[in-house]
file entry21.pdb (PDB, C-alpha atoms)
ATOM      1  CA  MET A  86       2.045   1.219  48.222
ATOM      2  CA  ARG A  87      -0.739   3.758  47.827
ATOM      3  CA  THR A  88      -3.800   2.980  49.947
ATOM      4  CA  ARG A  89      -6.857   2.204  47.817
ATOM      5  CA  PHE A  90      -9.575   4.062  49.733
ATOM      6  CA  ASP A  91     -11.903   3.313  46.805
ATOM      7  CA  LYS A  92     -11.466  -0.437  47.393
ATOM      8  CA  LEU A  93     -10.841  -0.687  51.142
ATOM      9  CA  LEU A  94     -13.948   1.169  52.335
ATOM     10  CA  PRO A  95     -16.340  -0.720  50.009
ATOM     11  CA  LEU A  96     -14.705  -3.986  51.142
ATOM     12  CA  LEU A  97     -15.609  -3.185  54.752
ATOM     13  CA  VAL A  98     -19.119  -1.980  53.881
ATOM     14  CA  ASN A  99     -19.909  -4.928  51.616
ATOM     15  CA  GLY A 100     -18.625  -7.261  54.346
ATOM     16  CA  HIS A 101     -21.180  -5.671  56.721
ATOM     17  CA  VAL A 102     -18.449  -4.460  59.077
ATOM     18  CA  GLU A 103     -19.766  -1.882  61.547
ATOM     19  CA  PHE A 104     -17.288   0.988  61.656
ATOM     20  CA  ILE A 105     -16.948   4.753  61.841
ATOM     21  CA  LEU A 106     -14.505   6.559  59.580
ATOM     22  CA  ILE A 107     -12.204   8.950  61.456
ATOM     23  CA  GLY A 108      -8.787  10.464  60.712
ATOM     24  CA  GLY A 109      -7.516  11.983  57.498
ATOM     25  CA  VAL A 110     -10.010  10.347  55.134
ATOM     26  CA  ALA A 111     -12.851  11.592  57.356
ATOM     27  CA  GLY A 112     -11.252  15.031  57.089
ATOM     28  CA  ASN A 113     -11.261  14.692  53.295
ATOM     29  CA  VAL A 114     -14.940  13.698  53.347
ATOM     30  CA  LEU A 115     -15.599  16.808  55.455
ATOM     31  CA  GLY A 116     -13.738  19.107  53.038
ATOM     32  CA  SER A 117     -10.086  18.958  54.071
ATOM     33  CA  ALA A 118      -7.480  19.114  51.325
ATOM     34  CA  ARG A 119      -4.759  17.447  53.441
ATOM     35  CA  LEU A 120      -3.091  14.385  51.989
ATOM     36  CA  THR A 121      -3.535  11.169  53.958
ATOM     37  CA  PHE A 122      -2.022   7.737  53.508
ATOM     38  CA  ASP A 123      -4.180   5.363  55.507
ATOM     39  CA  VAL A 124      -7.760   4.620  56.486
ATOM     40  CA  ASP A 125      -8.614   5.019  60.177
ATOM     41  CA  VAL A 126     -11.763   3.382  61.493
ATOM     42  CA  VAL A 127     -13.257   2.791  64.921
ATOM     43  CA  TYR A 128     -14.917  -0.616  64.849
ATOM     44  CA  ASP A 129     -17.721  -2.161  66.880
ATOM     45  CA  ARG A 130     -16.252  -4.816  69.188
ATOM     46  CA  SER A 131     -19.227  -7.183  69.163
ATOM     47  CA  LYS A 132     -18.343 -10.822  68.484
ATOM     48  CA  ALA A 133     -20.331 -10.825  65.228
ATOM     49  CA  ASN A 134     -18.476  -7.739  63.982
ATOM     50  CA  LEU A 135     -15.078  -9.183  64.926
ATOM     51  CA  GLU A 136     -15.996 -12.257  62.865
ATOM     52  CA  ARG A 137     -16.922 -10.066  59.893
ATOM     53  CA  ILE A 138     -13.668  -8.077  60.164
ATOM     54  CA  ALA A 139     -11.546 -11.229  60.279
ATOM     55  CA  LYS A 140     -13.420 -12.755  57.333
ATOM     56  CA  VAL A 141     -13.346  -9.696  55.077
ATOM     57  CA  LEU A 142      -9.691  -8.824  55.730
ATOM     58  CA  LYS A 143      -8.209 -12.344  55.557
ATOM     59  CA  PRO A 144      -7.877 -12.336  51.714
ATOM     60  CA  GLN A 145      -6.108  -8.950  51.969
ATOM     61  CA  SER A 146      -3.180 -10.440  53.948
ATOM     62  CA  PRO A 147      -3.351  -8.090  56.959
ATOM     63  CA  TYR A 148      -0.035  -7.690  58.770
ATOM     64  CA  LEU A 149       1.126  -5.431  61.562
ATOM     65  CA  ARG A 150       2.546  -2.291  59.981
ATOM     66  CA  GLY A 151       6.172  -1.786  60.985
ATOM     67  CA  ALA A 152       6.571  -5.316  62.382
ATOM     68  CA  PRO A 153       9.579  -7.319  61.245
ATOM     69  CA  PRO A 154       8.872  -9.624  58.290
ATOM     70  CA  GLY A 155       8.149 -13.182  59.365
ATOM     71  CA  LEU A 156       6.679 -12.269  62.747
ATOM     72  CA  PRO A 157       3.782 -14.681  63.304
ATOM     73  CA  PHE A 158       0.534 -12.701  63.055
ATOM     74  CA  VAL A 159      -2.993 -13.793  62.229
ATOM     75  CA  LEU A 160      -5.873 -11.320  62.276
ATOM     76  CA  ASP A 161      -8.622 -13.563  63.599
ATOM     77  CA  VAL A 162     -11.387 -13.251  66.201
ATOM     78  CA  PRO A 163      -9.165 -14.166  69.198
ATOM     79  CA  THR A 164      -6.528 -11.636  68.090
ATOM     80  CA  LEU A 165      -9.155  -8.914  67.630
ATOM     81  CA  ARG A 166     -10.851  -9.783  70.933
ATOM     82  CA  ASN A 167      -7.574  -9.816  72.888
ATOM     83  CA  GLY A 168      -6.217  -6.666  71.239
ATOM     84  CA  LEU A 169      -7.744  -3.251  70.740
ATOM     85  CA  ASN A 170      -5.972  -1.064  68.194
ATOM     86  CA  PHE A 171      -4.238  -2.494  65.135
ATOM     87  CA  THR A 172      -2.134  -0.603  62.595
ATOM     88  CA  LEU A 173      -2.201  -2.869  59.574
ATOM     89  CA  THR A 174      -0.864  -3.075  56.090
ATOM     90  CA  THR A 175      -2.987  -4.975  53.561
ATOM     91  CA  LYS A 176      -2.996  -5.695  49.837
ATOM     92  CA  LEU A 177      -5.184  -2.579  49.510
ATOM     93  CA  GLY A 178      -2.958  -0.362  51.662
ATOM     94  CA  ASP A 179      -2.760   0.790  55.247
ATOM     95  CA  LEU A 180      -5.690   0.399  57.637
ATOM     96  CA  ASP A 181      -5.849   1.415  61.282
ATOM     97  CA  LEU A 182      -8.482  -0.648  63.113
ATOM     98  CA  LEU A 183      -9.191   1.174  66.346
ATOM     99  CA  GLY A 184     -11.269  -0.277  69.178
ATOM    100  CA  GLU A 185     -10.980   3.004  71.084
ATOM    101  CA  VAL A 186      -9.563   6.446  70.427
ATOM    102  CA  VAL A 187      -8.281   9.027  72.878
ATOM    103  CA  GLY A 188     -10.863  11.749  73.364
ATOM    104  CA  GLY A 189     -13.691   9.767  71.809
ATOM    105  CA  GLY A 190     -13.928   6.309  73.321
ATOM    106  CA  GLY A 191     -15.216   3.376  71.323
ATOM    107  CA  TYR A 192     -17.755   2.757  68.595
ATOM    108  CA  LYS A 193     -20.841   3.162  70.795
ATOM    109  CA  GLU A 194     -19.574   6.416  72.311
ATOM    110  CA  LEU A 195     -18.785   7.911  68.885
ATOM    111  CA  LEU A 196     -21.968   6.739  67.146
ATOM    112  CA  PRO A 197     -24.087   9.774  68.181
ATOM    113  CA  HIS A 198     -21.422  12.030  66.616
ATOM    114  CA  THR A 199     -21.602  10.542  63.118
ATOM    115  CA  PHE A 200     -23.502  10.919  59.890
ATOM    116  CA  VAL A 201     -23.956   8.644  56.888
ATOM    117  CA  VAL A 202     -21.868   9.539  53.856
ATOM    118  CA  SER A 203     -21.976   8.163  50.326
ATOM    119  CA  ALA A 204     -18.549   7.683  48.774
ATOM    120  CA  PHE A 205     -16.818   5.107  46.590
ATOM    121  CA  GLY A 206     -20.216   3.670  45.651
ATOM    122  CA  VAL A 207     -21.192   2.742  49.226
ATOM    123  CA  LYS A 208     -22.657   4.345  52.358
ATOM    124  CA  PHE A 209     -20.909   4.337  55.724
ATOM    125  CA  ARG A 210     -20.687   6.307  58.966
ATOM    126  CA  CYS A 211     -18.225   9.178  59.287
ATOM    127  CA  VAL A 212     -17.443  11.160  62.416
ATOM    128  CA  ASP A 213     -18.753  14.743  62.356
ATOM    129  CA  LEU A 214     -16.448  17.747  62.063
ATOM    130  CA  PRO A 215     -16.549  18.978  65.695
ATOM    131  CA  THR A 216     -15.795  15.458  66.927
ATOM    132  CA  LEU A 217     -12.956  14.996  64.431
ATOM    133  CA  ILE A 218     -11.394  18.220  65.745
ATOM    134  CA  LYS A 219     -11.812  16.938  69.313
ATOM    135  CA  LEU A 220     -10.153  13.610  68.423
ATOM    136  CA  LYS A 221      -7.228  15.301  66.689
ATOM    137  CA  ARG A 222      -6.733  17.680  69.612
ATOM    138  CA  ALA A 223      -6.768  14.725  72.061
ATOM    139  CA  ALA A 224      -4.285  12.739  69.940
ATOM    140  CA  GLY A 225      -1.898  15.677  70.182
ATOM    141  CA  ARG A 226       0.432  14.500  67.429
ATOM    142  CA  PRO A 227       2.075  17.311  65.428
ATOM    143  CA  LYS A 228       0.314  16.273  62.206
ATOM    144  CA  ASP A 229      -3.058  16.282  63.996
ATOM    145  CA  LEU A 230      -2.464  19.661  65.608
ATOM    146  CA  GLU A 231      -1.456  21.105  62.214
ATOM    147  CA  SER A 232      -4.733  19.945  60.659
ATOM    148  CA  ILE A 233      -6.950  21.516  63.339
ATOM    149  CA  ALA A 234      -6.627  25.049  61.915
ATOM    150  CA  GLU A 235      -7.916  23.907  58.517
ATOM    151  CA  LEU A 236     -10.738  21.883  60.093
ATOM    152  CA  GLN A 237     -11.698  24.842  62.291
ATOM    153  CA  THR A 238     -11.907  26.999  59.142
ATOM    154  CA  LEU A 239     -14.309  24.436  57.660
ATOM    155  CA  VAL A 240     -16.486  24.767  60.783
ATOM    156  CA  GLU A 241     -16.515  28.565  60.416
ATOM    157  CA  GLU A 242     -17.352  28.332  56.692
ATOM    158  CA  GLY A 243     -20.214  25.991  57.532
ATOM    159  CA  LYS A 244     -21.700  28.597  59.877
ATOM    160  CA  ARG A 245     -21.920  31.170  57.075
TER     161      ARG A 245
END

call {"tool": "encode", "arguments": {"input": "entry21.pdb", "output": "structure tokens"}}
result
Amino acid sequence: MRTRFDKLLPLLVNGHVEFILIGGVAGNVLGSARLTFDVDVVYDRSKANLERIAKVLKPQSPYLRGAPPGLPFVLDVPTLRNGLNFTLTTKLGDLDLLGEVVGGGGYKELLPHTFVVSAFGVKFRCVDLPTLIKLKRAAGRPKDLESIAELQTLVEEGKR
């Protein structure tokens, strides 16, 4: 199933979920042409925000991506509170809910390195380009390391 960025991000925004967009979609917002298949967000871990996440995602049937079918899983406040990072599949596609990311920390630590973007008819926070490069370098996965050269070119073009 193709992830519906145009539906998933407005769902979070309209549900008043506090999050920061990172990952491939953030790269696209910043000018990257790389194809991405999921939405990666760092979410605020306050109790009120966990309640909003659980409420807004419940109708989308969130399930652990890659888990065997039938495994008992409910994305509710206790699950969110007791966990940290969740790779989910939903009716709108794949969503990575990240409480913390290597090289960047959590929501509060990343907040100063964001800007507000308008996309898909809503406004939300997106990590800035230097921080996205830092996060991808820290993640160290081959796909992240491959994208750094393109992102670095975008930084250089922005300086001109």

call {"tool": "closest_residue", "arguments": {"input": "entry21.pdb", "among": "A:Lys92, A:Leu169, A:Ile105, A:Tyr128", "to": "His198 in chain A", "atoms": "only C-alpha atoms"}}
result
A:Ile105

call {"tool": "closest_residue", "arguments": {"input": "entry21.pdb", "among": "A:Ile138, A:Ile233, A:Ala224, A:Leu106", "to": "Leu195 in chain A", "atoms": "all atoms listed in the file"}}
result
A:Leu106

call {"tool": "resolve_selection", "arguments": {"input": "entry21.pdb", "expression": "the PyMOL selection byres ((chain A and resi 204) around 10)", "output": "list of chain:residue names"}}
result
A:Phe90, A:Asp91, A:Leu94, A:Pro95, A:Val114, A:Val201, A:Val202, A:Ser203, A:Phe205, A:Gly206, A:Val207, A:Lys208, A:Phe209

call {"tool": "residues_around", "arguments": {"input": "entry21.pdb", "residues": "Ala133 in chain A", "least_positions_apart": "5", "cutoff": "12 Å", "atoms": "only C-alpha atoms", "output": "PDB file with C-alpha atoms, in the coordinates of the input"}}
result
ATOM      1  CA  GLY A 100     -18.625  -7.261  54.346  1.00  0.00           C
ATOM      2  CA  HIS A 101     -21.180  -5.671  56.721  1.00  0.00           C
ATOM      3  CA  VAL A 102     -18.449  -4.460  59.077  1.00  0.00           C
ATOM      4  CA  GLU A 103     -19.766  -1.882  61.547  1.00  0.00           C
ATOM      5  CA  TYR A 128     -14.917  -0.616  64.849  1.00  0.00           C
ATOM      6  CA  ILE A 138     -13.668  -8.077  60.164  1.00  0.00           C
ATOM      7  CA  ALA A 139     -11.546 -11.229  60.279  1.00  0.00           C
ATOM      8  CA  LYS A 140     -13.420 -12.755  57.333  1.00  0.00           C
ATOM      9  CA  VAL A 162     -11.387 -13.251  66.201  1.00  0.00           C
ATOM     10  CA  LEU A 165      -9.155  -8.914  67.630  1.00  0.00           C
ATOM     11  CA  ARG A 166     -10.851  -9.783  70.933  1.00  0.00           C
TER      12      ARG A 166
END

call {"tool": "resolve_selection", "arguments": {"input": "entry21.pdb", "expression": "the PyMOL selection byres ((chain A and resi 194) around 12)", "output": "PyMOL selection string"}}
result
chain A and resi 105+127-129+184-193+195-199+212+216

call {"tool": "residues_near_point", "arguments": {"input": "entry21.pdb", "point": "(-12.1, 17.4, 53.7)", "cutoff": "12 Å", "atoms": "only C-alpha atoms", "output": "PDB file with C-alpha atoms, in the coordinates of the input"}}
result
ATOM      1  CA  ILE A 107     -12.204   8.950  61.456  1.00  0.00           C
ATOM      2  CA  GLY A 108      -8.787  10.464  60.712  1.00  0.00           C
ATOM      3  CA  GLY A 109      -7.516  11.983  57.498  1.00  0.00           C
ATOM      4  CA  VAL A 110     -10.010  10.347  55.134  1.00  0.00           C
ATOM      5  CA  ALA A 111     -12.851  11.592  57.356  1.00  0.00           C
ATOM      6  CA  GLY A 112     -11.252  15.031  57.089  1.00  0.00           C
ATOM      7  CA  ASN A 113     -11.261  14.692  53.295  1.00  0.00           C
ATOM      8  CA  VAL A 114     -14.940  13.698  53.347  1.00  0.00           C
ATOM      9  CA  LEU A 115     -15.599  16.808  55.455  1.00  0.00           C
ATOM     10  CA  GLY A 116     -13.738  19.107  53.038  1.00  0.00           C
ATOM     11  CA  SER A 117     -10.086  18.958  54.071  1.00  0.00           C
ATOM     12  CA  ALA A 118      -7.480  19.114  51.325  1.00  0.00           C
ATOM     13  CA  ARG A 119      -4.759  17.447  53.441  1.00  0.00           C
ATOM     14  CA  LEU A 120      -3.091  14.385  51.989  1.00  0.00           C
ATOM     15  CA  THR A 121      -3.535  11.169  53.958  1.00  0.00           C
ATOM     16  CA  CYS A 211     -18.225   9.178  59.287  1.00  0.00           C
ATOM     17  CA  VAL A 212     -17.443  11.160  62.416  1.00  0.00           C
ATOM     18  CA  ASP A 213     -18.753  14.743  62.356  1.00  0.00           C
ATOM     19  CA  LEU A 214     -16.448  17.747  62.063  1.00  0.00           C
ATOM     20  CA  LEU A 217     -12.956  14.996  64.431  1.00  0.00           C
ATOM     21  CA  SER A 232      -4.733  19.945  60.659  1.00  0.00           C
ATOM     22  CA  ILE A 233      -6.950  21.516  63.339  1.00  0.00           C
ATOM     23  CA  GLU A 235      -7.916  23.907  58.517  1.00  0.00           C
ATOM     24  CA  LEU A 236     -10.738  21.883  60.093  1.00  0.00           C
ATOM     25  CA  GLN A 237     -11.698  24.842  62.291  1.00  0.00           C
ATOM     26  CA  THR A 238     -11.907  26.999  59.142  1.00  0.00           C
ATOM     27  CA  LEU A 239     -14.309  24.436  57.660  1.00  0.00           C
ATOM     28  CA  VAL A 240     -16.486  24.767  60.783  1.00  0.00           C
TER      29      VAL A 240
END

call {"tool": "atom_distance", "arguments": {"input": "entry21.pdb", "atom1": "CA of Thr174 in chain A", "atom2": "CA of Lys132 in chain A"}}
result
22.8 Å

call {"tool": "closest_residue", "arguments": {"input": "entry21.pdb", "among": "A:Asn134, A:Thr164, A:Asn170, A:Lys176", "to": "Ser146 in chain A", "atoms": "only C-alpha atoms"}}
result
A:Lys176

call {"tool": "residues_near_point", "arguments": {"input": "entry21.pdb", "point": "(-5.0, -8.4, 57.0)", "cutoff": "8 Å", "atoms": "all atoms listed in the file", "output": "PDB file with C-alpha atoms, in the frame of the given file"}}
result
ATOM      1  CA  ALA A 139     -11.546 -11.229  60.279  1.00  0.00           C
ATOM      2  CA  LEU A 142      -9.691  -8.824  55.730  1.00  0.00           C
ATOM      3  CA  LYS A 143      -8.209 -12.344  55.557  1.00  0.00           C
ATOM      4  CA  PRO A 144      -7.877 -12.336  51.714  1.00  0.00           C
ATOM      5  CA  GLN A 145      -6.108  -8.950  51.969  1.00  0.00           C
ATOM      6  CA  SER A 146      -3.180 -10.440  53.948  1.00  0.00           C
ATOM      7  CA  PRO A 147      -3.351  -8.090  56.959  1.00  0.00           C
ATOM      8  CA  TYR A 148      -0.035  -7.690  58.770  1.00  0.00           C
ATOM      9  CA  VAL A 159      -2.993 -13.793  62.229  1.00  0.00           C
ATOM     10  CA  LEU A 160      -5.873 -11.320  62.276  1.00  0.00           C
ATOM     11  CA  LEU A 173      -2.201  -2.869  59.574  1.00  0.00           C
ATOM     12  CA  THR A 174      -0.864  -3.075  56.090  1.00  0.00           C
ATOM     13  CA  THR A 175      -2.987  -4.975  53.561  1.00  0.00           C
ATOM     14  CA  LYS A 176      -2.996  -5.695  49.837  1.00  0.00           C
TER      15      LYS A 176
END

call {"tool": "axis_aligned_box", "arguments": {"input": "entry21.pdb", "around": "range 104-109 of chain A", "padding_each_side": "6 Å", "output": "lines of an AutoDock Vina configuration file"}}
result
center_x = -12.4
center_y = 6.5
center_z = 59.7
size_x = 21.8
size_y = 23.0
size_z = 16.3

call {"tool": "atom_distance", "arguments": {"input": "entry21.pdb", "atom1": "CA of Val124 in chain A", "atom2": "CA of Gly178 in chain A"}}
result
8.4 Å

call {"tool": "atom_distance", "arguments": {"input": "entry21.pdb", "atom1": "CA of Ala152 in chain A", "atom2": "CA of Leu230 in chain A"}}
result
26.8 Å

call {"tool": "closest_residue", "arguments": {"input": "entry21.pdb", "among": "A:Leu93, A:Ala234, A:Val98, A:Leu149", "to": "Thr172 in chain A", "atoms": "only C-alpha atoms"}}
result
A:Leu149

call {"tool": "resolve_selection", "arguments": {"input": "entry21.pdb", "expression": "the PyMOL selection byres ((chain A and resi 86) around 9)", "output": "list in words"}}
result
Arg87, Thr88, Arg89, Lys176, Leu177, Gly178 and Asp179 of chain A

call {"tool": "closest_residue", "arguments": {"input": "entry21.pdb", "among": "A:Ile218, A:Leu135, A:Ala223, A:Asp123", "to": "Leu180 in chain A", "atoms": "only C-alpha atoms"}}
result
A:Asp123
